[in-house]
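Structure below is start_20.cif: mmCIF, C-alpha atoms and all ligand atoms.
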```cif
data_my_file
loop_
_atom_site.label_atom_id
_atom_site.label_comp_id
_atom_site.auth_asym_id
_atom_site.auth_seq_id
_atom_site.Cartn_x
_atom_site.Cartn_y
_atom_site.Cartn_z
CA MET A 1 0.00 0.00 0.00
CA ALA A 2 1.47 3.29 -1.09
CA ILE A 3 2.28 6.10 1.34
CA LEU A 4 2.68 9.70 0.14
CA SER A 5 4.82 12.05 2.24
CA ILE A 6 5.51 15.78 2.04
CA PRO A 7 8.43 16.00 4.49
CA GLU A 8 8.58 19.81 4.69
CA GLN A 9 4.93 19.96 5.70
CA ASN A 10 4.78 16.83 7.84
CA ILE A 11 1.95 15.55 5.67
CA GLU A 12 1.35 11.85 5.05
CA LEU A 13 -1.42 10.34 2.90
CA ARG A 14 -2.23 6.64 3.12
CA ASP A 15 -5.63 6.58 1.44
CA PRO A 16 -5.15 5.32 -2.14
CA ILE A 17 -8.05 7.48 -3.35
CA GLU A 18 -6.44 10.62 -1.93
CA ILE A 19 -3.09 9.63 -3.39
CA LYS A 20 -4.68 9.04 -6.80
CA GLN A 21 -6.29 12.46 -6.66
CA PHE A 22 -3.06 14.14 -5.53
CA PHE A 23 -1.26 12.54 -8.46
CA GLU A 24 -3.98 13.37 -11.00
CA GLU A 25 -3.88 17.03 -9.98
CA ARG A 26 -0.20 17.06 -10.94
CA ASN A 27 -0.56 15.08 -14.18
CA LEU A 28 1.12 12.11 -12.55
CA PHE A 29 -0.44 8.66 -12.45
CA PHE A 30 -1.01 6.25 -9.59
CA ASP A 31 -3.15 3.13 -9.49
CA GLN A 32 -3.30 -0.24 -7.79
CA TRP A 33 -3.68 -3.63 -9.37
CA SER A 34 -5.02 -6.60 -7.49
CA CYS A 35 -2.22 -8.79 -6.38
CA ASP A 36 -3.23 -12.23 -5.12
CA VAL A 37 -0.18 -14.10 -6.30
CA ILE A 38 2.96 -14.11 -4.20
CA PHE A 39 5.97 -15.22 -6.19
CA ASP A 40 8.92 -17.03 -4.75
CA ASN A 41 12.47 -16.25 -5.76
CA GLN A 42 12.32 -18.80 -8.55
CA ALA A 43 9.43 -17.12 -10.39
CA THR A 44 10.36 -16.31 -13.96
CA GLN A 45 9.72 -13.04 -15.72
CA GLU A 46 7.17 -14.81 -17.94
CA GLU A 47 5.25 -16.16 -14.94
CA ILE A 48 5.07 -12.72 -13.36
CA LEU A 49 4.05 -10.93 -16.55
CA SER A 50 1.40 -13.50 -17.34
CA ALA A 51 -0.05 -13.35 -13.80
CA TYR A 52 -0.71 -9.62 -14.31
CA ASN A 53 -1.69 -9.83 -17.95
CA LYS A 54 -5.33 -8.94 -17.30
CA ASP A 55 -4.26 -5.51 -16.02
CA LEU A 56 -1.04 -5.15 -17.94
CA GLN A 57 -2.35 -5.71 -21.45
CA PRO A 58 -5.14 -3.09 -21.46
CA PHE A 59 -2.85 -0.59 -19.71
CA MET A 60 -0.17 -1.06 -22.36
CA GLU A 61 -2.66 -0.86 -25.22
CA ASP A 62 -4.21 2.34 -23.88
CA GLY A 63 -0.85 4.01 -23.35
CA GLY A 64 0.83 2.78 -26.53
CA TYR A 65 3.49 0.96 -24.52
CA LEU A 66 5.31 -1.79 -26.37
CA THR A 67 7.50 -3.75 -23.97
CA ALA A 68 7.50 -4.90 -20.37
CA ASP A 69 10.04 -6.71 -18.27
CA VAL A 70 10.65 -7.56 -14.61
CA ILE A 71 13.44 -6.09 -12.53
CA SER A 72 14.57 -7.71 -9.31
CA ILE A 73 16.87 -6.09 -6.76
CA ASN A 74 17.69 -7.68 -3.44
CA SER A 75 20.46 -8.01 -0.89
CA LEU A 76 22.33 -10.35 -3.23
CA THR A 77 22.36 -7.87 -6.12
CA GLU A 78 25.93 -7.15 -7.16
CA ASN A 79 27.06 -3.53 -7.37
CA TYR A 80 23.95 -2.36 -5.55
CA ASP A 81 25.65 0.85 -4.39
CA ALA A 82 26.39 1.82 -7.98
CA ILE A 83 22.87 0.90 -9.13
CA ARG A 84 21.41 2.92 -6.26
CA ALA A 85 23.59 5.94 -7.01
CA LYS A 86 22.45 6.03 -10.64
CA PHE A 87 18.86 6.85 -9.73
CA LEU A 88 19.43 8.66 -6.45
CA ALA A 89 20.37 11.95 -8.11
CA GLU A 90 17.56 14.11 -9.46
CA HIS A 91 16.92 13.33 -13.13
CA THR A 92 14.37 13.22 -15.94
CA HIS A 93 13.72 10.76 -18.75
CA SER A 94 12.60 11.30 -22.34
CA GLU A 95 9.83 8.74 -21.84
CA ASP A 96 7.47 7.83 -19.03
CA GLU A 97 8.93 5.77 -16.18
CA ILE A 98 6.32 3.17 -15.26
CA ARG A 99 6.70 0.66 -12.50
CA PHE A 100 4.32 -1.88 -11.02
CA PHE A 101 5.49 -3.26 -7.67
CA VAL A 102 5.06 -7.02 -7.59
CA ASP A 103 6.83 -7.17 -4.24
CA GLY A 104 9.25 -5.21 -2.08
CA GLN A 105 9.27 -1.44 -1.97
CA GLY A 106 10.90 1.74 -3.24
CA LEU A 107 10.62 5.47 -2.77
CA PHE A 108 9.94 7.82 -5.69
CA TRP A 109 10.72 11.48 -5.03
CA PHE A 110 9.17 14.31 -7.04
CA ASN A 111 10.28 17.88 -7.58
CA MET A 112 7.34 19.64 -9.26
CA GLU A 113 7.23 23.36 -10.03
CA ASN A 114 6.19 25.71 -7.23
CA GLU A 115 5.53 23.19 -4.50
CA PRO A 116 7.44 21.29 -1.85
CA VAL A 117 9.17 18.05 -2.71
CA PHE A 118 7.05 14.97 -2.00
CA ASN A 119 7.62 11.25 -2.23
CA LEU A 120 5.62 8.09 -2.74
CA LEU A 121 6.57 4.84 -1.09
CA CYS A 122 5.48 2.14 -3.55
CA GLN A 123 4.81 -1.37 -2.32
CA ARG A 124 3.15 -4.56 -3.51
CA GLY A 125 0.26 -3.80 -5.84
CA ASP A 126 1.17 -0.17 -6.56
CA LEU A 127 1.49 1.18 -10.10
CA ILE A 128 3.19 4.49 -10.76
CA SER A 129 3.87 6.47 -13.92
CA VAL A 130 6.34 9.33 -13.88
CA PRO A 131 5.74 11.28 -17.09
CA ALA A 132 8.63 12.12 -19.39
CA GLY A 133 10.39 15.29 -18.29
CA THR A 134 9.30 15.08 -14.63
CA LYS A 135 12.11 15.82 -12.17
CA HIS A 136 12.40 12.83 -9.84
CA TRP A 137 14.72 10.38 -8.13
CA PHE A 138 14.35 6.91 -6.70
CA ASP A 139 15.66 5.03 -3.69
CA ALA A 140 15.24 1.41 -2.61
CA GLY A 141 17.16 2.07 0.60
CA GLU A 142 20.77 2.13 1.70
CA SER A 143 20.86 -1.52 2.74
CA ASN A 144 18.79 -4.68 2.33
CA PRO A 145 17.02 -3.47 -0.83
CA PHE A 146 14.07 -5.48 -2.10
CA VAL A 147 12.30 -4.54 -5.30
CA LYS A 148 10.48 -6.82 -7.68
CA ALA A 149 8.80 -4.64 -10.27
CA ILE A 150 7.36 -4.75 -13.76
CA ARG A 151 8.84 -2.03 -15.99
CA ILE A 152 6.76 -0.82 -18.92
CA PHE A 153 8.27 1.00 -21.88
CA ILE A 154 7.62 2.43 -25.29
CA ASP A 155 11.31 2.30 -26.08
CA MET A 156 13.79 1.20 -23.44
CA SER A 157 16.36 3.67 -24.78
CA GLY A 158 14.20 6.52 -23.46
CA TRP A 159 14.84 5.39 -19.94
CA VAL A 160 18.31 6.84 -19.59
CA PRO A 161 18.64 9.30 -16.70
CA ASP A 162 19.21 12.90 -17.73
CA TYR A 163 20.64 14.45 -14.56
CA THR A 164 19.54 17.92 -13.49
CA GLN A 165 22.62 18.38 -11.27
CA SER A 166 20.45 20.25 -8.74
CA GLY A 167 21.74 18.23 -5.78
CA LEU A 168 18.26 18.61 -4.29
CA GLU A 169 18.11 14.95 -3.30
CA ARG A 170 20.83 15.56 -0.72
CA ASN A 171 18.43 17.75 1.30
CA PHE A 172 16.30 14.65 1.90
CA SER A 173 18.95 12.01 2.47
CA ASP A 174 18.03 11.61 6.15
CA PHE A 175 14.37 10.86 5.39
CA ASN A 176 13.26 7.58 6.92
CA MET A 177 10.97 5.42 4.84
CA PRO A 178 7.54 5.35 6.51
CA GLN A 179 6.52 2.08 8.13
FE FE B 201 13.95 7.68 -13.15
#
```
Would you mind writing the file's structure down as C-alpha cells?
Ligand SMILES: [Fe+2]
Amino acid sequence: MAILSIPEQNIELRDPIEIKQFFEERNLFFDQWSCDVIFDNQATQEEILSAYNKDLQPFMEDGGYLTADVISINSLTENYDAIRAKFLAEHTHSEDEIRFFVDGQGLFWFNMENEPVFNLLCQRGDLISVPAGTKHWFDAGESNPFVKAIRIFIDMSGWVPDYTQSGLERNFSDFNMPQ
C-alpha cells in the first residue's frame, strides 16, 4: 500500500483514493492492481508478466506501450551501491517511467514546479507512472534493498537518466521510509 509524504509539511497520505487524486492534480499517475499471487524467488519473468496480464495488457494498449520486463533487486544484487547511485540523483527521462510493484518497496521522489518536494513509497500492488520530463529520483534504501517490479516501456532507450545536477536529493537524504 502506497504512502505519500511531504516532508517539509509533515503531511502523510495513506488513502489510495487521496493519493490518486493528488497525483492526477499534478498530471502524474497512480493506481493499484489486485495482487493475489505471491511469487517465490524462482518465479520467472514470464510467470510474473502473465499473472498480471489482465491488467497489464489493457494498460499497455491504452498508453501505446510496447515492452514490459521484470526487474529484481535484493540483498544479493551485485554492485547495488552503484545501481542505487544512478537513480538517487535528481533526473528526468525522455519517456514515461512506469513501475508496477510485484513485491518489495521503493521510494519515488518528485520535484514539481512551485511546490514542496514529495515522495511516494510504492509497495506490492502499486502502479506508478512518472511522465517524461518530470524531475524525480528513486531510492530502494541504503541496505537490504528489495524490489520486484514490472517495468513498462515504449522504447527502453528513453529510460536513460538525464541528470539535473540540482543536488536537491541531498536535502532529503536523512528521510526515513515510513513504516
Ligand atoms: Fe527515473
Show me a table, sorted first by chain and then by increasing residue number, of the residues of segment 7-62 of chain A having an atom at most 12 Å from segment 144-158 of chain A, each with its shortest atom pair and the distance in Å to one decimal, counting all atoms listed in the file and written as CSV.
```
residue,atom,partner,partner_atom,distance
A:Trp33,CA,A:Ile150,CA,11.9
A:Ile38,CA,A:Lys148,CA,11.0
A:Phe39,CA,A:Lys148,CA,9.6
A:Asp40,CA,A:Lys148,CA,10.7
A:Asn41,CA,A:Lys148,CA,9.8
A:Ala43,CA,A:Lys148,CA,10.7
A:Thr44,CA,A:Lys148,CA,11.4
A:Gln45,CA,A:Ile150,CA,8.8
A:Glu46,CA,A:Ile150,CA,10.9
A:Glu47,CA,A:Ile150,CA,11.7
A:Ile48,CA,A:Ile150,CA,8.3
A:Leu49,CA,A:Ile150,CA,7.5
A:Ser50,CA,A:Ile150,CA,11.2
A:Ala51,CA,A:Ile150,CA,11.4
A:Tyr52,CA,A:Ile150,CA,9.4
A:Asn53,CA,A:Ile150,CA,11.2
A:Asp55,CA,A:Ile150,CA,11.9
A:Leu56,CA,A:Ile152,CA,9.0
A:Gln57,CA,A:Ile152,CA,10.6
A:Phe59,CA,A:Ile152,CA,9.6
A:Met60,CA,A:Ile152,CA,7.7
A:Glu61,CA,A:Ile154,CA,10.8
A:Asp62,CA,A:Ile154,CA,11.9
```
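If all atoms listed in the file are the atoms counted, then among A:Asp81, A:Asp15, A:Asp139, A:Glu25 the closest residue to ligand FE 201 (chain B) is A:Asp139.
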Q. Can I get the residues close to ligand FE 201 (chain B) as JSON, numbers by chain, where close means within 12 Å and we count only C-alpha atoms and all ligand atoms?
A. {"A": [83, 84, 85, 86, 87, 88, 89, 90, 91, 92, 93, 94, 95, 96, 97, 98, 99, 106, 107, 108, 109, 110, 128, 129, 130, 131, 132, 133, 134, 135, 136, 137, 138, 139, 151, 158, 159, 160, 161, 162, 163, 164]}
Q | Separation of atom CA of Gln123 of chain A from atom CA of Gln21 of chain A, in Å and rounded to one decimal | A | 18.3 Å
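Residues lying within 10 Å of Cys122 of chain A, counting all atoms listed in the file and ignoring same-chain neighbours fewer than 2 positions away, are Met1, Ala2, Ile3, Leu4, Phe30, Arg99, Phe100, Phe101, Asp103, Gly104, Gln105, Gly106, Leu107, Phe108, Asn119, Leu120, Arg124, Gly125, Asp126, Leu127, Ile128, Ala140 and Val147 of chain A.
Our summary of the geometry notes that atom CA of Met112 of chain A is positioned 13.2 Å from atom CA of Glu169 of chain A.
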Q.
One decimal, in Å: what's the spacing between atom CA of Asn10 of chain A and atom CA of Glu115 of chain A?
A. 13.9 Å
